[in-house]
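See below for the structure under consideration.
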There are 2 protein chains.
Amino acid sequence: MAPTVRDVARLAGVSAMTVSRVVNDQPGVSAETRLRIQEAIAELNYAPSKVASSLTSAKTQLIGLIIPDVSNPFFALMVRGAEATARKAGYRLLICNSESDLRLEREYVSDLVAHRVDGLIIAPVSEKSEAHLAGLVERKFPVVLLDRAVDSLDCDSVALDNVDGARRLVAHLIVLGHRRIAFITDPEDVSTGRGRMQGARQALAEGAIEFSDDLVFHTRTDQIGGYRAAQQIIGMAQRPTAIVAINNLIAVGCIQALRQADLRIPDDVALVCFDDIQLQAVVAPFLTVFDQPAETMARVAAQLLLERIAGNVGRQARTVTFPGQLIVRESCGAKLPRSHWAR
Amino acid sequence: MAPTVRDVARLAGVSAMTVSRVVNDQPGVSAETRLRIQEAIAELNYAPSKVASSLTSAKTQLIGLIIPDVSNPFFALMVRGAEATARKAGYRLLICNSESDLRLEREYVSDLVAHRVDGLIIAPVSEKSEAHLAGLVERKFPVVLLDRAVDSLDCDSVALDNVDGARRLVAHLIVLGHRRIAFITDPEDVSTGRGRMQGARQALAEGAIEFSDDLVFHTRTDQIGGYRAAQQIIGMAQRPTAIVAINNLIAVGCIQALRQADLRIPDDVALVCFDDIQLQAVVAPFLTVFDQPAETMARVAAQLLLERIAGNVGRQARTVTFPGQLIVRESCGAKLPRSHWAR
DNA sequence: TTGTAAGCGTTATCAC
DNA sequence: GTGATAACGCTTACAA
């Protein structure tokens with residue numbers, strides 16, 4: 001099949017070792033020999049097997065990236081950021097979509113370990129991910145948590161300042177006059193949801209509004225989840241005047257449900273969410289969102305991981321928190337000039 | 001470091017070979033020994049190294065996927081489709097963003113080969129990608145072209161029926177009364193652009209409209225490219241009444257330019273493009289698009305590749321063409337009921 | 001049923 | 001400068 005060092009060595013009339021030296025730009029090879037070997041390499045179209053060198057070096061130059069779903073623009077940006085940073089350091093990314101499924105995630109983790117990736121960046125499904133991550137962290141396998149933290153895990157992590165973000169987002173609704181605000185969030189064991197609910201409660205408290213558990217809906221963090229939760233909200237006796245969605249997909253599901261119920265946004269119900277919707281924001285700026293610097297966050301996560309892999313950093317876990325920004329558009333009901341609209 | 005077969009063998013009091021048999025579910029091991037070995041595996045937390053087994057089996061269970069940019073929703077969907085199909089077959093995906101940069105793409109290709117991926121799915125930058133792909137195809141390395149074809153390459157490929165798609169999209173504009181239609185497309189050496197321009201010319205011919213090269217703008221297939229091209233179009237003495245963008249990003253760039261020039265869509269200029277914008281389509285259905293089944297296309301590409309890898313298919317290259325669908329919304333100027341709008 | 005030996009392609013080590 | 005040897009962790013082929 002593919003030529004090996006030995007094939008090249010034979011053709012160049014040297015030993016495999018000398019070829020290896022040339023391939024790895026090591027000193028101790030005469031200019032003449034080096035040239036001869038380079039010619040042989042070119043002639044045979046020789047490409048050194050990283051599989052073999054991984055075996056000896058115990059490094060694969062591979063990084064695993066586990067996220068819920070690439071097709072969510074938020075995570076797609078993260079993939080791009082992580083990939084770019086990894087590439088510049090000579091690493092490649094193995095991408096895995098956990099589909100927010102704990103089992104699938106566990107499967108991916110163990111498979112990545114079997115593939116001997118040098119490190120792992122993961123946006124864990126939930127707090128429960130701790131079960132299959134704890135072992136790695138204990139034996140000091142390089143792991144960086146992205147977007148979602150897991151308290152019991154003593155490892156590097158990069159995330160949004162969820163508490164403050166939610167506080168600002170909800171405070172904005174309160175300023176606009178909303179008192180009865182519903183929240184659609186994820187199952188209770190995810191750090192982002194917990195942090196955001198905490199921030200929301202702060203904002204409510206600051207606005208002297210009583211918090212009610214009846215207005216908090218836990219659901220899947222996708223369009224379906226948002227759709228169903230919105231349906232429940234729509235059916236409430238005392239309907240909320242605003243909805244806060246924990247992420248963009250849930251917000252989209254809400255829009256579908258509200259539209260189907262012939263309710264106008266924001267006139268009948270205001271709607272805001274976390275995570276911007278990239279192109280959407282340009283084509284028809286509609287949703288008021290709390291935007292996260294997804295790509296940058298992933299870049300930083302990759303950077304932290306690379307440092308871990310290189311081993312040039314103390315064992316102390318590092319936590320990087322990003323502020324994010326509130327982008328006010330129309331779905332919240334704020335009165336804005338419409339000049340920037342396409343029509 | 002990580003335990004090896006030998007560690008397990010020692011603990012279980014057997015040979016490495018017997019452990020290997022248990023790990024790979026091979027017959028010829030007594031139930032008793034098997035149990036003992038399984039216990040040892042559990043105790044040591046042993047995970048067989050795929051690096052080592054890749055070396056012997058000459059298979060890595062890895063597939064390379066090269067696309068221009070994951071953060072384009074169109075390609076993100078493809079990543080998801082390819083990854084899901086690969087995973088079900090026990091393969092993992094190495095993801096690479098070529099950034100439409102031929103050099104970077106070449107670098108990726110050779111690196112993936114060095115990593116000994118079992119196959120490669122690629123949405124090539126352009127016809128020029130042939131240079132670094134031809135070698136692979138010749139030596140029968142499994143390659144599947146996705147989205148964009150390269151004529152001179154005799155390998156499997158999956159793509160949209162670009163000619164027919166463009167024909168229908170442009171025909172729609174003609175029906176709406178447009179006679180002076182501008183096209184923003186990619187550099188001339190990309191199959192999608194060529195096919196789409198061909199379809200466009202067919203539609204024009206069928207509408208008895210003369211084709212003019214002055215109305216074709218070649219540019220980068222991203223937002224910037226669309227923005228610049230639209231600026232040129234806006235400045236034309238005889239301004240076109242409609243613009244056809246070769247992809248969604250270009251369309252978004254157009255929207256920016258048009259908006260900046262205070263031109264309304266579609267009243268002043270109609271705008272249509274290829275590739276839908278996922279969530280956008282739900283939040284505020286505005287752009288009339290020719291949508292491609294991106295995820296399915298990628299699933300099929302992965303399937304073709306897996307078959308190639310398995311070797312259970314003739315050497316004849318296979319070409320799968322998808323029809324796609326015209327989704328009429330507002331940016332084209334068609335009169336539609338607005339009931340489905342959020343506001 | 002179980003074990004031995006050799007080899008996959010590369011490289012670290014030490015000798016020439 | 002260059003090369004022989006062993007080792008990385010696993011598995012195929014063969015032997016016991």
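Every chain in the structure tokens takes a letter, A first, then B, and so on in the order presented; its residues are numbered from 1, and the ligands are numbered from 1 following the presented order.
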So that each row is one residue of chain A with an atom at most 8 Å from chain D, can you give its shortest atom pair and the distance in Å to one decimal, using only C-alpha atoms (C1' of nucleotides), rows by chain and rising number, as a Markdown table?
| residue | atom | partner | partner_atom | distance |
| --- | --- | --- | --- | --- |
| A:Ser15 | CA | D:DG3 | C1' | 6.2 |
| A:Met17 | CA | D:DG3 | C1' | 7.2 |
| A:Thr18 | CA | D:DT2 | C1' | 7.0 |
| A:Gly28 | CA | D:DG1 | C1' | 6.0 |
| A:Val29 | CA | D:DG1 | C1' | 5.9 |
| A:Ser30 | CA | D:DG1 | C1' | 6.7 |
| A:Leu55 | CA | D:DC8 | C1' | 5.2 |
| A:Thr56 | CA | D:DC8 | C1' | 4.5 |
| A:Ser57 | CA | D:DC8 | C1' | 7.8 |
| A:Ala58 | CA | D:DC8 | C1' | 7.9 |
Those residues you just picked out, can you put them in a file as a PDB file, in the first residue's frame with N, CA and C atoms?
ATOM      1  N   SER A  15      19.450   4.352   5.640  1.00  0.00           N
ATOM      2  CA  SER A  15      18.644   3.604   6.603  1.00  0.00           C
ATOM      3  C   SER A  15      17.350   4.365   6.909  1.00  0.00           C
ATOM      4  N   MET A  17      16.253   5.269   9.669  1.00  0.00           N
ATOM      5  CA  MET A  17      16.514   6.297  10.668  1.00  0.00           C
ATOM      6  C   MET A  17      16.884   7.631  10.024  1.00  0.00           C
ATOM      7  N   THR A  18      17.700   7.577   9.023  1.00  0.00           N
ATOM      8  CA  THR A  18      18.122   8.808   8.364  1.00  0.00           C
ATOM      9  C   THR A  18      16.930   9.488   7.688  1.00  0.00           C
ATOM     10  N   GLY A  28      22.041  16.600  11.755  1.00  0.00           N
ATOM     11  CA  GLY A  28      22.849  15.387  11.734  1.00  0.00           C
ATOM     12  C   GLY A  28      22.675  14.583  10.465  1.00  0.00           C
ATOM     13  N   VAL A  29      22.357  15.284   9.374  1.00  0.00           N
ATOM     14  CA  VAL A  29      22.264  14.622   8.080  1.00  0.00           C
ATOM     15  C   VAL A  29      22.970  15.532   7.078  1.00  0.00           C
ATOM     16  N   SER A  30      23.871  14.986   6.310  1.00  0.00           N
ATOM     17  CA  SER A  30      24.604  15.811   5.351  1.00  0.00           C
ATOM     18  C   SER A  30      23.652  16.373   4.305  1.00  0.00           C
ATOM     19  N   LEU A  55       1.850   6.230  17.899  1.00  0.00           N
ATOM     20  CA  LEU A  55       2.101   5.081  18.761  1.00  0.00           C
ATOM     21  C   LEU A  55       3.384   5.274  19.565  1.00  0.00           C
ATOM     22  N   THR A  56       4.395   5.761  18.908  1.00  0.00           N
ATOM     23  CA  THR A  56       5.660   5.956  19.629  1.00  0.00           C
ATOM     24  C   THR A  56       5.637   7.210  20.502  1.00  0.00           C
ATOM     25  N   SER A  57       5.055   8.270  19.975  1.00  0.00           N
ATOM     26  CA  SER A  57       5.092   9.524  20.741  1.00  0.00           C
ATOM     27  C   SER A  57       4.013   9.599  21.814  1.00  0.00           C
ATOM     28  N   ALA A  58       3.015   8.718  21.703  1.00  0.00           N
ATOM     29  CA  ALA A  58       1.884   8.755  22.631  1.00  0.00           C
ATOM     30  C   ALA A  58       1.132  10.078  22.526  1.00  0.00           C
TER      31      ALA A  58
END
Hey, which bits of chain C sit within 8 Å of chain A, and for each residue what's the closest pair of atoms and how far apart in Å (one decimal), counting only C-alpha atoms (C1' of nucleotides), rows by chain and increasing number, as a tab-separated table?
residue	atom	partner	partner_atom	distance
C:DG9	C1'	A:Ala52	CA	5.0
C:DT10	C1'	A:Ser53	CA	4.9
C:DT11	C1'	A:Thr56	CA	6.6
Report task. Identify all chain A residues at most 8 Å from chain B by counting only C-alpha atoms; ligands do not count. Present them as a PyMOL selection string. Result -> chain A and resi 47-52+54-55+69-71+73+76-77+79-80+83-84+92-97+110+113-116+249+252+255-256+259+263-266+277+279-280+282-284+286+340-343
Saved selection, atoms kept: C-alpha atoms, as a short mmCIF file (atom, residue, chain, number, x, y, z; two decimals), in the first residue's frame:
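Generated file (selection_15.cif):
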data_model
loop_
_atom_site.label_atom_id
_atom_site.label_comp_id
_atom_site.auth_asym_id
_atom_site.auth_seq_id
_atom_site.Cartn_x
_atom_site.Cartn_y
_atom_site.Cartn_z
CA ALA A 47 3.59 10.69 3.61
CA PRO A 48 4.72 9.64 7.08
CA SER A 49 2.00 7.79 8.99
CA LYS A 50 0.80 9.75 11.97
CA VAL A 51 -0.75 6.57 13.23
CA ALA A 52 2.66 5.03 13.66
CA SER A 54 1.31 8.51 17.46
CA LEU A 55 2.10 5.08 18.76
CA ASP A 69 -25.59 19.77 17.78
CA VAL A 70 -23.51 21.50 15.09
CA SER A 71 -26.55 22.59 13.22
CA PRO A 73 -25.55 28.17 14.80
CA ALA A 76 -21.38 25.86 14.76
CA LEU A 77 -19.56 29.05 15.64
CA VAL A 79 -16.74 24.49 16.14
CA ARG A 80 -15.22 27.06 13.87
CA GLU A 83 -11.04 24.26 14.90
CA ALA A 84 -9.17 27.38 13.85
CA ARG A 92 -7.19 18.40 14.22
CA LEU A 93 -10.69 18.25 15.61
CA LEU A 94 -12.81 15.13 15.99
CA ILE A 95 -16.36 16.38 16.07
CA CYS A 96 -19.19 14.67 17.92
CA ASN A 97 -22.86 15.62 18.22
CA SER A 110 -15.01 6.59 25.70
CA VAL A 113 -10.36 8.14 24.72
CA ALA A 114 -9.89 4.91 22.80
CA HIS A 115 -8.75 7.00 19.84
CA ARG A 116 -6.27 8.54 22.27
CA LEU A 249 -34.10 27.24 19.33
CA VAL A 252 -38.07 29.76 17.50
CA ILE A 255 -42.66 31.88 17.67
CA GLN A 256 -44.27 28.94 15.93
CA ARG A 259 -48.10 32.46 15.52
CA LEU A 263 -50.82 35.96 18.99
CA ARG A 264 -48.65 38.84 17.87
CA ILE A 265 -45.09 39.40 19.06
CA PRO A 266 -44.54 41.65 20.94
CA ILE A 277 -29.45 33.88 15.27
CA LEU A 279 -27.86 35.63 9.52
CA GLN A 280 -31.36 36.14 10.81
CA VAL A 282 -29.16 40.77 9.37
CA VAL A 283 -31.99 39.64 7.15
CA ALA A 284 -34.79 40.69 9.45
CA PHE A 286 -36.51 40.86 15.02
CA HIS A 340 -32.88 49.51 9.43
CA TRP A 341 -35.56 47.21 8.12
CA ALA A 342 -35.41 45.69 4.71
CA ARG A 343 -38.89 46.81 3.77
#
Report task. Could you jot down the atom CA of B:Ala123 to atom CA of B:Ala182 separation for me, Å, one decimal place? Result -> 26.0 Å
Requested in this report: List every residue of stretch 63-213 of chain B that DSSP, applied to the backbone, labels as strand (DSSP E or B), and write the result as a PyMOL selection string.
Outcome: chain B and resi 63-67+92-97+119-122+143-146+156-160+181-185
Save out the residues we just selected, C-alpha atoms, as an mmCIF file, in the first residue's frame.
data_model
loop_
_atom_site.group_PDB
_atom_site.id
_atom_site.type_symbol
_atom_site.label_atom_id
_atom_site.label_comp_id
_atom_site.auth_asym_id
_atom_site.auth_seq_id
_atom_site.Cartn_x
_atom_site.Cartn_y
_atom_site.Cartn_z
ATOM 1 C CA ILE B 63 -13.280 10.008 7.995
ATOM 2 C CA GLY B 64 -12.116 13.436 6.943
ATOM 3 C CA LEU B 65 -14.674 16.112 6.113
ATOM 4 C CA ILE B 66 -13.474 19.272 4.435
ATOM 5 C CA ILE B 67 -15.928 22.099 3.929
ATOM 6 C CA ARG B 92 -15.651 9.405 13.574
ATOM 7 C CA LEU B 93 -15.377 12.646 11.655
ATOM 8 C CA LEU B 94 -12.327 14.863 11.423
ATOM 9 C CA ILE B 95 -13.641 18.273 10.524
ATOM 10 C CA CYS B 96 -11.733 20.856 8.524
ATOM 11 C CA ASN B 97 -12.736 24.365 7.438
ATOM 12 C CA GLY B 119 -11.874 8.168 3.435
ATOM 13 C CA LEU B 120 -12.574 11.765 2.598
ATOM 14 C CA ILE B 121 -15.713 13.795 1.979
ATOM 15 C CA ILE B 122 -14.989 17.184 0.520
ATOM 16 C CA VAL B 143 -13.176 10.231 -1.923
ATOM 17 C CA VAL B 144 -16.660 11.658 -2.279
ATOM 18 C CA LEU B 145 -17.268 15.138 -3.587
ATOM 19 C CA LEU B 146 -20.081 16.952 -1.873
ATOM 20 C CA ASP B 156 -18.319 9.599 -6.436
ATOM 21 C CA SER B 157 -20.138 12.854 -5.993
ATOM 22 C CA VAL B 158 -23.321 14.217 -4.517
ATOM 23 C CA ALA B 159 -24.780 17.527 -5.539
ATOM 24 C CA LEU B 160 -27.844 19.555 -6.298
ATOM 25 C CA ILE B 181 -31.872 40.318 -13.664
ATOM 26 C CA ALA B 182 -28.412 40.482 -12.113
ATOM 27 C CA PHE B 183 -26.493 37.415 -10.968
ATOM 28 C CA ILE B 184 -23.954 37.322 -8.199
ATOM 29 C CA THR B 185 -21.997 34.128 -8.463
#
Query raised in the report: Which residues, written as a count of residues only, have at least one atom at most 9 Å from B:Leu153, with only C-alpha atoms (C1' of nucleotides) counted and residues fewer than 2 positions away on the same chain left out?
Result: 10
Query raised in the report: How many Å lie between atom CA of B:Ala298 and atom CA of B:Phe217, rounded to one decimal?
Result: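 That distance, rounded to one decimal, is 28.8 Å.
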Show me, as a PDB file with N, CA and C atoms, in the first residue's frame, the residues that have an atom within 12 Å of A:Arg239 when counting only C-alpha atoms (C1' of nucleotides), minus same-chain residues fewer than 6 positions from it.
ATOM      1  N   HIS A 178     -43.176  44.908  31.821  1.00  0.00           N
ATOM      2  CA  HIS A 178     -43.666  43.544  32.056  1.00  0.00           C
ATOM      3  C   HIS A 178     -43.535  43.156  33.526  1.00  0.00           C
ATOM      4  N   ARG A 179     -44.578  42.532  34.042  1.00  0.00           N
ATOM      5  CA  ARG A 179     -44.576  42.099  35.454  1.00  0.00           C
ATOM      6  C   ARG A 179     -44.742  40.585  35.508  1.00  0.00           C
ATOM      7  N   ARG A 180     -45.447  40.075  34.544  1.00  0.00           N
ATOM      8  CA  ARG A 180     -45.734  38.632  34.540  1.00  0.00           C
ATOM      9  C   ARG A 180     -44.908  38.003  33.413  1.00  0.00           C
ATOM     10  N   ILE A 181     -43.771  37.466  33.817  1.00  0.00           N
ATOM     11  CA  ILE A 181     -42.814  36.958  32.830  1.00  0.00           C
ATOM     12  C   ILE A 181     -42.618  35.453  32.974  1.00  0.00           C
ATOM     13  N   ALA A 182     -42.777  34.754  31.864  1.00  0.00           N
ATOM     14  CA  ALA A 182     -42.591  33.290  31.893  1.00  0.00           C
ATOM     15  C   ALA A 182     -41.173  32.943  31.448  1.00  0.00           C
ATOM     16  N   ASP A 214     -44.621  28.745  39.061  1.00  0.00           N
ATOM     17  CA  ASP A 214     -45.605  28.397  38.034  1.00  0.00           C
ATOM     18  C   ASP A 214     -45.235  28.978  36.678  1.00  0.00           C
ATOM     19  N   LEU A 215     -44.362  29.969  36.698  1.00  0.00           N
ATOM     20  CA  LEU A 215     -44.005  30.619  35.438  1.00  0.00           C
ATOM     21  C   LEU A 215     -42.693  30.079  34.859  1.00  0.00           C
ATOM     22  N   ALA A 230     -44.428  26.868  25.003  1.00  0.00           N
ATOM     23  CA  ALA A 230     -45.192  28.065  24.637  1.00  0.00           C
ATOM     24  C   ALA A 230     -46.679  27.742  24.596  1.00  0.00           C
ATOM     25  N   GLN A 231     -47.006  26.567  24.136  1.00  0.00           N
ATOM     26  CA  GLN A 231     -48.420  26.178  24.100  1.00  0.00           C
ATOM     27  C   GLN A 231     -49.015  26.183  25.500  1.00  0.00           C
ATOM     28  N   GLN A 232     -48.247  25.659  26.443  1.00  0.00           N
ATOM     29  CA  GLN A 232     -48.716  25.670  27.833  1.00  0.00           C
ATOM     30  C   GLN A 232     -48.914  27.097  28.318  1.00  0.00           C
ATOM     31  N   ILE A 233     -47.947  27.912  28.007  1.00  0.00           N
ATOM     32  CA  ILE A 233     -48.005  29.302  28.457  1.00  0.00           C
ATOM     33  C   ILE A 233     -49.219  30.010  27.869  1.00  0.00           C
ATOM     34  N   LEU A 263     -51.264  34.939  18.055  1.00  0.00           N
ATOM     35  CA  LEU A 263     -50.821  35.963  18.994  1.00  0.00           C
ATOM     36  C   LEU A 263     -49.673  36.726  18.357  1.00  0.00           C
ATOM     37  N   ASP A 268     -48.992  41.031  21.709  1.00  0.00           N
ATOM     38  CA  ASP A 268     -49.722  40.174  22.638  1.00  0.00           C
ATOM     39  C   ASP A 268     -48.779  39.561  23.678  1.00  0.00           C
ATOM     40  N   VAL A 269     -47.663  39.077  23.183  1.00  0.00           N
ATOM     41  CA  VAL A 269     -46.660  38.496  24.083  1.00  0.00           C
ATOM     42  C   VAL A 269     -45.272  38.907  23.605  1.00  0.00           C
ATOM     43  N   ALA A 270     -44.476  39.432  24.521  1.00  0.00           N
ATOM     44  CA  ALA A 270     -43.097  39.772  24.162  1.00  0.00           C
ATOM     45  C   ALA A 270     -42.254  38.514  24.259  1.00  0.00           C
TER      46      ALA A 270
END
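One finds atom CA of B:Thr221 at 11.6 Å from atom CA of B:Glu188.
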Requested in this report: Run DSSP on the backbone of this structure and report the residues of stretch 217-263 of chain A it assigns to helix (DSSP H, G or I), as a PyMOL selection string.
Outcome: chain A and resi 223-234+248-260
**Report entry** Residue nearest B:Val289 among B:Arg167, B:Arg103, B:His132, B:Arg329 (counting only C-alpha atoms)
**Finding:**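 Once distances to B:Val289 are computed over only C-alpha atoms, the minimum belongs to B:Arg329.
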